[in-house]
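Okay, my_file_35.pdb now, which holds PDB, C-alpha atoms:
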```
ATOM      1  CA  MET A1143      40.638-187.614 -60.294
ATOM      2  CA  PRO A1144      38.324-189.532 -62.579
ATOM      3  CA  LYS A1145      34.740-190.172 -61.566
ATOM      4  CA  THR A1146      33.888-193.690 -60.497
ATOM      5  CA  ASN A1147      30.867-195.450 -61.895
ATOM      6  CA  LYS A1148      28.135-195.690 -59.304
ATOM      7  CA  LYS A1149      28.092-199.483 -58.902
ATOM      8  CA  ALA A1150      31.868-199.748 -58.450
ATOM      9  CA  ALA A1151      31.918-196.734 -56.130
ATOM     10  CA  VAL A1152      29.220-198.231 -53.899
ATOM     11  CA  ALA A1153      31.147-201.495 -53.738
ATOM     12  CA  LEU A1154      34.383-199.666 -52.931
ATOM     13  CA  VAL A1155      32.704-197.622 -50.229
ATOM     14  CA  GLY A1156      31.260-200.772 -48.699
ATOM     15  CA  LEU A1157      34.599-202.518 -48.940
ATOM     16  CA  MET A1158      36.939-199.911 -47.545
ATOM     17  CA  GLY A1159      35.014-196.809 -46.656
ATOM     18  CA  LEU A1160      34.610-193.505 -48.445
ATOM     19  CA  LEU A1161      37.990-192.195 -47.346
ATOM     20  CA  GLY A1162      39.943-195.208 -48.592
ATOM     21  CA  ALA A1163      37.974-195.407 -51.841
ATOM     22  CA  GLY A1164      38.749-191.827 -52.714
ATOM     23  CA  PHE A1165      42.402-192.211 -51.808
ATOM     24  CA  ALA A1166      42.877-195.409 -53.808
ATOM     25  CA  ILE A1167      41.379-194.114 -57.051
ATOM     26  CA  ASN A1168      43.115-190.753 -56.711
ATOM     27  CA  ASP A1169      46.489-192.349 -55.917
ATOM     28  CA  VAL A1170      46.283-194.815 -58.790
ATOM     29  CA  SER A1171      45.186-192.224 -61.353
ATOM     30  CA  LYS A1172      47.820-189.744 -60.149
ATOM     31  CA  TRP A1173      50.697-192.182 -60.602
ATOM     32  CA  GLU A1174      49.466-194.041 -63.641
ATOM     33  CA  GLY A1175      48.597-190.944 -65.641
ATOM     34  CA  PHE A1176      46.193-191.108 -68.566
ATOM     35  CA  ARG A1177      46.654-192.331 -72.119
ATOM     36  CA  SER A1178      43.625-192.845 -74.319
ATOM     37  CA  VAL A1179      45.421-195.043 -76.853
ATOM     38  CA  GLY A1180      46.592-198.564 -76.001
ATOM     39  CA  TYR A1181      50.397-198.761 -75.767
ATOM     40  CA  LEU A1182      53.270-200.927 -74.509
ATOM     41  CA  ASP A1183      54.541-199.840 -71.106
ATOM     42  CA  ILE A1184      58.170-199.690 -69.940
ATOM     43  CA  VAL A1185      58.373-203.513 -69.781
ATOM     44  CA  ASN A1186      56.297-204.086 -72.949
ATOM     45  CA  VAL A1187      52.988-204.901 -71.242
ATOM     46  CA  PRO A1188      49.961-203.734 -73.262
ATOM     47  CA  THR A1189      48.418-200.872 -71.283
ATOM     48  CA  LYS A1190      45.581-198.352 -71.640
ATOM     49  CA  CYS A1191      43.858-195.487 -69.874
ATOM     50  CA  PHE A1192      45.038-195.189 -66.253
ATOM     51  CA  GLY A1193      47.592-198.014 -66.383
ATOM     52  CA  ASP A1194      45.002-200.738 -66.990
ATOM     53  CA  THR A1195      46.463-203.935 -68.456
ATOM     54  CA  THR A1196      43.187-205.848 -68.864
ATOM     55  CA  GLY A1197      41.775-206.400 -72.352
ATOM     56  CA  VAL A1198      44.104-203.935 -74.058
ATOM     57  CA  THR A1199      44.492-203.532 -77.800
ATOM     58  CA  VAL A1200      47.684-201.624 -78.586
ATOM     59  CA  GLY A1201      46.864-198.686 -80.866
ATOM     60  CA  LYS A1202      43.131-198.681 -80.052
ATOM     61  CA  LYS A1203      41.625-195.373 -78.885
ATOM     62  CA  TYR A1204      39.567-195.578 -75.686
ATOM     63  CA  THR A1205      37.030-192.956 -74.654
ATOM     64  CA  PHE A1206      37.427-191.185 -71.341
ATOM     65  CA  ALA A1207      34.155-192.784 -70.205
ATOM     66  CA  GLU A1208      35.569-196.250 -70.991
ATOM     67  CA  CYS A1209      38.696-195.372 -69.031
ATOM     68  CA  GLU A1210      36.705-194.116 -66.039
ATOM     69  CA  GLU A1211      34.743-197.335 -65.950
ATOM     70  CA  SER A1212      37.935-199.338 -66.356
ATOM     71  CA  ILE A1213      39.771-197.676 -63.447
ATOM     72  CA  SER A1214      36.736-198.130 -61.192
ATOM     73  CA  GLU A1215      36.518-201.829 -61.991
ATOM     74  CA  GLU A1216      40.262-202.406 -61.773
ATOM     75  CA  VAL A1217      40.696-200.561 -58.469
ATOM     76  CA  LEU A1218      37.756-202.530 -57.059
ATOM     77  CA  LYS A1219      39.317-205.804 -58.249
ATOM     78  CA  HIS A1220      42.687-204.905 -56.715
ATOM     79  CA  ALA A1221      41.113-203.598 -53.492
ATOM     80  CA  THR A1222      39.251-206.895 -53.125
ATOM     81  CA  GLY A1223      42.502-208.779 -53.663
ATOM     82  CA  VAL A1224      44.232-206.661 -51.022
ATOM     83  CA  ILE A1225      41.482-207.412 -48.491
ATOM     84  CA  ASN A1226      41.659-211.127 -49.274
ATOM     85  CA  CYS A1227      45.423-211.142 -48.615
ATOM     86  CA  THR A1228      45.520-208.637 -45.758
ATOM     87  CA  PRO A1229      42.124-208.521 -44.036
ATOM     88  CA  GLY A1230      43.471-206.346 -41.219
ATOM     89  CA  LEU A1231      43.525-203.400 -43.607
ATOM     90  CA  ARG A1232      39.720-203.323 -43.862
ATOM     91  CA  GLU A1233      39.404-200.779 -41.039
ATOM     92  CA  ASN A1234      42.509-198.755 -41.970
ATOM     93  CA  PRO A1235      41.726-196.627 -45.030
ATOM     94  CA  TYR A1236      45.118-194.941 -45.390
ATOM     95  CA  GLN A1237      47.040-198.203 -45.351
ATOM     96  CA  PHE A1238      44.385-199.902 -47.483
ATOM     97  CA  ALA A1239      44.559-197.172 -50.121
ATOM     98  CA  ALA A1240      48.357-197.381 -50.252
ATOM     99  CA  ALA A1241      48.252-201.180 -50.514
ATOM    100  CA  THR A1242      45.604-200.997 -53.250
ATOM    101  CA  SER A1243      47.765-198.596 -55.248
ATOM    102  CA  LEU A1244      50.729-200.956 -54.874
ATOM    103  CA  ALA A1245      48.633-203.978 -55.888
ATOM    104  CA  TYR A1246      47.259-202.109 -58.902
ATOM    105  CA  ASN A1247      50.829-201.541 -60.051
ATOM    106  CA  ILE A1248      52.420-204.926 -59.231
ATOM    107  CA  GLY A1249      49.369-207.170 -59.487
ATOM    108  CA  ILE A1250      47.339-208.939 -56.827
ATOM    109  CA  ARG A1251      49.527-212.022 -56.924
ATOM    110  CA  GLY A1252      52.682-209.908 -56.535
ATOM    111  CA  TYR A1253      51.108-208.021 -53.643
ATOM    112  CA  CYS A1254      49.894-211.157 -51.868
ATOM    113  CA  ARG A1255      53.371-212.694 -52.057
ATOM    114  CA  SER A1256      55.115-209.463 -51.031
ATOM    115  CA  THR A1257      56.982-208.541 -47.885
ATOM    116  CA  VAL A1258      54.444-205.727 -47.543
ATOM    117  CA  ALA A1259      51.541-208.203 -47.198
ATOM    118  CA  ARG A1260      53.511-210.569 -44.944
ATOM    119  CA  ARG A1261      54.410-207.724 -42.596
ATOM    120  CA  PHE A1262      50.847-206.377 -42.468
ATOM    121  CA  ASN A1263      49.603-209.869 -41.611
ATOM    122  CA  ALA A1264      52.286-210.259 -38.926
ATOM    123  CA  GLY A1265      51.176-206.998 -37.296
ATOM    124  CA  ASP A1266      54.353-205.131 -38.294
ATOM    125  CA  TRP A1267      52.536-202.165 -39.769
ATOM    126  CA  ARG A1268      55.489-199.771 -39.853
ATOM    127  CA  GLY A1269      57.657-202.485 -41.416
ATOM    128  CA  ALA A1270      54.958-203.117 -44.029
ATOM    129  CA  CYS A1271      54.815-199.436 -44.927
ATOM    130  CA  ASN A1272      58.613-199.294 -45.188
ATOM    131  CA  ALA A1273      58.613-202.371 -47.434
ATOM    132  CA  PHE A1274      56.786-200.395 -50.141
ATOM    133  CA  LEU A1275      60.167-198.903 -51.000
ATOM    134  CA  MET A1276      61.404-202.323 -52.173
ATOM    135  CA  TRP A1277      59.138-202.152 -55.238
ATOM    136  CA  ASN A1278      61.100-199.596 -57.264
ATOM    137  CA  ARG A1279      62.197-201.661 -60.294
ATOM    138  CA  ALA A1280      60.803-202.393 -63.721
ATOM    139  CA  GLY A1281      62.605-204.700 -66.116
ATOM    140  CA  GLY A1282      65.304-205.252 -63.488
ATOM    141  CA  ARG A1283      66.299-201.605 -63.144
ATOM    142  CA  VAL A1284      65.426-198.868 -60.682
ATOM    143  CA  VAL A1285      62.921-196.445 -62.211
ATOM    144  CA  GLN A1286      62.710-192.963 -60.704
ATOM    145  CA  GLY A1287      58.957-192.792 -61.248
ATOM    146  CA  LEU A1288      58.536-195.966 -59.153
ATOM    147  CA  VAL A1289      60.883-194.583 -56.480
ATOM    148  CA  ASN A1290      58.668-191.480 -56.289
ATOM    149  CA  ARG A1291      55.450-193.512 -56.295
ATOM    150  CA  ARG A1292      56.646-195.837 -53.524
ATOM    151  CA  ARG A1293      57.710-192.905 -51.360
ATOM    152  CA  ASP A1294      54.236-191.430 -51.798
ATOM    153  CA  GLU A1295      52.530-194.760 -51.052
ATOM    154  CA  ARG A1296      54.747-195.194 -47.972
ATOM    155  CA  ARG A1297      53.817-191.681 -46.809
ATOM    156  CA  ARG A1298      50.104-192.515 -47.223
ATOM    157  CA  CYS A1299      50.637-195.853 -45.460
ATOM    158  CA  LEU A1300      52.304-194.195 -42.466
ATOM    159  CA  SER A1301      49.460-191.660 -42.135
ATOM    160  CA  VAL A1302      47.231-192.363 -39.193
ATOM    161  CA  PRO A1303      44.171-190.174 -38.669
ATOM    162  CA  PRO A1304      43.143-189.805 -34.994
ATOM    163  CA  GLN A1305      40.117-192.097 -35.332
ATOM    164  CA  TYR A1306      42.341-194.891 -36.688
ATOM    165  CA  SER A1307      45.115-195.146 -34.130
ATOM    166  CA  THR A1308      46.344-198.541 -35.272
ATOM    167  CA  ALA A1309      49.504-200.432 -34.541
ATOM    168  CA  ILE A1310      51.456-198.014 -36.764
ATOM    169  CA  SER A1311      51.590-195.509 -33.935
ATOM    170  CA  ALA A1312      52.950-198.150 -31.617
ATOM    171  CA  SER A1313      55.504-199.717 -33.968
TER     172      SER A1313
END
```
Entire entry expressed as structure tokens:
Amino acid sequence: MPKTNKKAAVALVGLMGLLGAGFAINDVSKWEGFRSVGYLDIVNVPTKCFGDTTGVTVGKKYTFAECEESISEEVLKHATGVINCTPGLRENPYQFAAATSLAYNIGIRGYCRSTVARRFNAGDWRGACNAFLMWNRAGGRVVQGLVNRRRDERRRCLSVPPQYSTAISAS
């Protein structure tokens, strides 16, 4: 797991708690992998570092320090977007981390318009977690890596530590 820069880490901790912050960055970096040279992803989107699509120059080499800073900023941006769309996740770090990982991959706009977000907001927590599995395509085709990622995000989403007995247990 990459280190987070201190400012972004403090903001993440304040936003979603230490547990959720660690999960979100770890989950994103695990599934995105690391590439230090800007490239075109599976659907030809310019991408760098840990799946970052902001300010990318294809073919440019990025330092690991630049990539660490980038993932911290991007996860923070996506976590903020998740909270804006689904404020009920603020006190639920497992679900918040899973939703942040999904939003990082599909974009904040995609997340906010998703069945996942609608179900969270309607109080259907289990249904929201199950809806992660819908997001398994890139370029119109099912991609095994996305199938695996969504299963992992769903597993995280359905996790409920004892101190966070939310509506998931009851659904």
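Near A:Ile1250, within 9 Å and counting all atoms listed in the file, sit Lys1219, His1220, Ala1221, Gly1223, Val1224, Cys1227, Thr1242, Leu1244, Ala1245, Tyr1246, Cys1254 and Arg1255 of chain A, not including residues fewer than 4 positions from it in the same chain.
Closest to A:Arg1291 among A:Ala1240, A:Leu1218, A:Ile1167, A:Arg1261 is A:Ala1240, based on only C-alpha atoms.
The residue that comes closest to A:Ser1214, out of A:Asp1194, A:Glu1174, A:Asp1294, A:Asp1266 and on the basis of all atoms listed in the file, is A:Asp1194.
Going from atom CA of A:Phe1192 over to atom CA of A:Phe1176, you cover 4.8 Å.
Residue neighbourhood of A:Asn1186, excluding near-sequence residues (fewer than 3 positions): Gly1180, Tyr1181, Leu1182, Asp1183, Thr1189, Thr1195, Val1200, Ala1280 and Gly1281 of chain A, at 12 Å, using all atoms listed in the file.
Within the file as shown, the PyMOL selection byres ((chain A and resi 1272) around 9) identifies Val1258, Trp1267, Arg1268, Gly1269, Ala1270, Cys1271, Ala1273, Phe1274, Leu1275, Met1276, Arg1293, Arg1296, Cys1299 and Leu1300 of chain A.
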With distances taken over all atoms listed in the file, the candidate from A:Ala1166, A:Ile1225, A:Cys1209, A:Val1198 nearest A:Ser1178 is A:Cys1209
Separating atom CA of A:Val1302 from atom CA of A:Asn1247, to the nearest tenth of an Å, is a gap of 23.1 Å
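Proximity to A:Phe1238 was assessed for A:Ala1259, A:Asn1290, A:Phe1206, A:Val1187 counting only C-alpha atoms; the smallest distance is recorded for A:Ala1259.
Nearest to A:Asn1168 of all the residues A:Val1285, A:Thr1196, A:Thr1228, A:Ala1239 is A:Ala1239, based on all atoms listed in the file.
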Using only C-alpha atoms, the residue out of A:Asn1234, A:Gly1175, A:Glu1208, A:Lys1202 with shortest distance to A:Gly1287 is A:Gly1175
Would you mind completing stretch 1185-1216 of chain A so that it carries N, CA and C atoms, and writing it out as a PDB file, in the coordinates of the input?
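Saved result, rebuild_21.pdb, follows:
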```pdb
ATOM      1  N   VAL A1185      57.926-202.116 -69.677  1.00  0.00           N
ATOM      2  CA  VAL A1185      58.373-203.513 -69.781  1.00  0.00           C
ATOM      3  C   VAL A1185      57.557-204.278 -70.826  1.00  0.00           C
ATOM      4  N   ASN A1186      57.014-203.528 -71.791  1.00  0.00           N
ATOM      5  CA  ASN A1186      56.297-204.086 -72.949  1.00  0.00           C
ATOM      6  C   ASN A1186      54.995-204.807 -72.614  1.00  0.00           C
ATOM      7  N   VAL A1187      54.305-204.361 -71.575  1.00  0.00           N
ATOM      8  CA  VAL A1187      52.988-204.901 -71.242  1.00  0.00           C
ATOM      9  C   VAL A1187      51.938-203.995 -71.902  1.00  0.00           C
ATOM     10  N   PRO A1188      51.019-204.552 -72.675  1.00  0.00           N
ATOM     11  CA  PRO A1188      49.961-203.734 -73.262  1.00  0.00           C
ATOM     12  C   PRO A1188      49.147-203.030 -72.173  1.00  0.00           C
ATOM     13  N   THR A1189      48.994-201.715 -72.333  1.00  0.00           N
ATOM     14  CA  THR A1189      48.418-200.872 -71.283  1.00  0.00           C
ATOM     15  C   THR A1189      47.516-199.825 -71.921  1.00  0.00           C
ATOM     16  N   LYS A1190      46.499-199.393 -71.161  1.00  0.00           N
ATOM     17  CA  LYS A1190      45.581-198.352 -71.640  1.00  0.00           C
ATOM     18  C   LYS A1190      45.149-197.468 -70.471  1.00  0.00           C
ATOM     19  N   CYS A1191      44.573-196.361 -70.812  1.00  0.00           N
ATOM     20  CA  CYS A1191      43.858-195.487 -69.874  1.00  0.00           C
ATOM     21  C   CYS A1191      44.708-195.065 -68.680  1.00  0.00           C
ATOM     22  N   PHE A1192      44.335-195.516 -67.495  1.00  0.00           N
ATOM     23  CA  PHE A1192      45.038-195.189 -66.253  1.00  0.00           C
ATOM     24  C   PHE A1192      45.894-196.373 -65.812  1.00  0.00           C
ATOM     25  N   GLY A1193      46.705-196.908 -66.729  1.00  0.00           N
ATOM     26  CA  GLY A1193      47.592-198.014 -66.383  1.00  0.00           C
ATOM     27  C   GLY A1193      46.931-199.375 -66.379  1.00  0.00           C
ATOM     28  N   ASP A1194      45.749-199.479 -66.951  1.00  0.00           N
ATOM     29  CA  ASP A1194      45.002-200.738 -66.990  1.00  0.00           C
ATOM     30  C   ASP A1194      45.652-201.687 -67.986  1.00  0.00           C
ATOM     31  N   THR A1195      45.856-202.934 -67.578  1.00  0.00           N
ATOM     32  CA  THR A1195      46.463-203.935 -68.456  1.00  0.00           C
ATOM     33  C   THR A1195      45.484-205.046 -68.835  1.00  0.00           C
ATOM     34  N   THR A1196      44.206-204.845 -68.572  1.00  0.00           N
ATOM     35  CA  THR A1196      43.187-205.848 -68.864  1.00  0.00           C
ATOM     36  C   THR A1196      42.512-205.551 -70.200  1.00  0.00           C
ATOM     37  N   GLY A1197      42.493-206.529 -71.086  1.00  0.00           N
ATOM     38  CA  GLY A1197      41.775-206.400 -72.352  1.00  0.00           C
ATOM     39  C   GLY A1197      42.248-205.261 -73.226  1.00  0.00           C
ATOM     40  N   VAL A1198      43.544-205.063 -73.318  1.00  0.00           N
ATOM     41  CA  VAL A1198      44.104-203.935 -74.058  1.00  0.00           C
ATOM     42  C   VAL A1198      44.398-204.325 -75.505  1.00  0.00           C
ATOM     43  N   THR A1199      44.069-203.420 -76.416  1.00  0.00           N
ATOM     44  CA  THR A1199      44.492-203.532 -77.800  1.00  0.00           C
ATOM     45  C   THR A1199      45.430-202.361 -78.071  1.00  0.00           C
ATOM     46  N   VAL A1200      46.703-202.676 -78.316  1.00  0.00           N
ATOM     47  CA  VAL A1200      47.684-201.624 -78.586  1.00  0.00           C
ATOM     48  C   VAL A1200      47.258-200.871 -79.844  1.00  0.00           C
ATOM     49  N   GLY A1201      47.252-199.540 -79.747  1.00  0.00           N
ATOM     50  CA  GLY A1201      46.864-198.686 -80.866  1.00  0.00           C
ATOM     51  C   GLY A1201      45.391-198.308 -80.879  1.00  0.00           C
ATOM     52  N   LYS A1202      44.566-198.996 -80.107  1.00  0.00           N
ATOM     53  CA  LYS A1202      43.131-198.681 -80.052  1.00  0.00           C
ATOM     54  C   LYS A1202      42.916-197.427 -79.220  1.00  0.00           C
ATOM     55  N   LYS A1203      41.988-196.565 -79.645  1.00  0.00           N
ATOM     56  CA  LYS A1203      41.625-195.373 -78.885  1.00  0.00           C
ATOM     57  C   LYS A1203      40.457-195.716 -77.959  1.00  0.00           C
ATOM     58  N   TYR A1204      40.599-195.348 -76.698  1.00  0.00           N
ATOM     59  CA  TYR A1204      39.567-195.578 -75.686  1.00  0.00           C
ATOM     60  C   TYR A1204      38.973-194.235 -75.291  1.00  0.00           C
ATOM     61  N   THR A1205      37.665-194.198 -75.091  1.00  0.00           N
ATOM     62  CA  THR A1205      37.030-192.956 -74.654  1.00  0.00           C
ATOM     63  C   THR A1205      37.331-192.722 -73.177  1.00  0.00           C
ATOM     64  N   PHE A1206      37.209-191.486 -72.754  1.00  0.00           N
ATOM     65  CA  PHE A1206      37.427-191.185 -71.341  1.00  0.00           C
ATOM     66  C   PHE A1206      36.414-191.928 -70.483  1.00  0.00           C
ATOM     67  N   ALA A1207      35.186-192.047 -70.954  1.00  0.00           N
ATOM     68  CA  ALA A1207      34.155-192.784 -70.205  1.00  0.00           C
ATOM     69  C   ALA A1207      34.560-194.251 -70.045  1.00  0.00           C
ATOM     70  N   GLU A1208      35.093-194.867 -71.100  1.00  0.00           N
ATOM     71  CA  GLU A1208      35.569-196.250 -70.991  1.00  0.00           C
ATOM     72  C   GLU A1208      36.692-196.350 -69.961  1.00  0.00           C
ATOM     73  N   CYS A1209      37.560-195.367 -69.962  1.00  0.00           N
ATOM     74  CA  CYS A1209      38.696-195.372 -69.031  1.00  0.00           C
ATOM     75  C   CYS A1209      38.239-195.163 -67.587  1.00  0.00           C
ATOM     76  N   GLU A1210      37.254-194.302 -67.382  1.00  0.00           N
ATOM     77  CA  GLU A1210      36.705-194.116 -66.039  1.00  0.00           C
ATOM     78  C   GLU A1210      36.103-195.411 -65.505  1.00  0.00           C
ATOM     79  N   GLU A1211      35.337-196.073 -66.357  1.00  0.00           N
ATOM     80  CA  GLU A1211      34.743-197.335 -65.950  1.00  0.00           C
ATOM     81  C   GLU A1211      35.829-198.370 -65.662  1.00  0.00           C
ATOM     82  N   SER A1212      36.834-198.384 -66.507  1.00  0.00           N
ATOM     83  CA  SER A1212      37.935-199.338 -66.356  1.00  0.00           C
ATOM     84  C   SER A1212      38.677-199.136 -65.038  1.00  0.00           C
ATOM     85  N   ILE A1213      39.015-197.897 -64.691  1.00  0.00           N
ATOM     86  CA  ILE A1213      39.771-197.676 -63.447  1.00  0.00           C
ATOM     87  C   ILE A1213      38.916-198.047 -62.244  1.00  0.00           C
ATOM     88  N   SER A1214      37.624-197.757 -62.296  1.00  0.00           N
ATOM     89  CA  SER A1214      36.736-198.130 -61.192  1.00  0.00           C
ATOM     90  C   SER A1214      36.726-199.638 -60.987  1.00  0.00           C
ATOM     91  N   GLU A1215      36.562-200.371 -62.078  1.00  0.00           N
ATOM     92  CA  GLU A1215      36.518-201.829 -61.991  1.00  0.00           C
ATOM     93  C   GLU A1215      37.859-202.403 -61.549  1.00  0.00           C
ATOM     94  N   GLU A1216      38.937-201.882 -62.094  1.00  0.00           N
ATOM     95  CA  GLU A1216      40.262-202.406 -61.773  1.00  0.00           C
ATOM     96  C   GLU A1216      40.674-202.089 -60.335  1.00  0.00           C
TER      97      GLU A1216
END
```
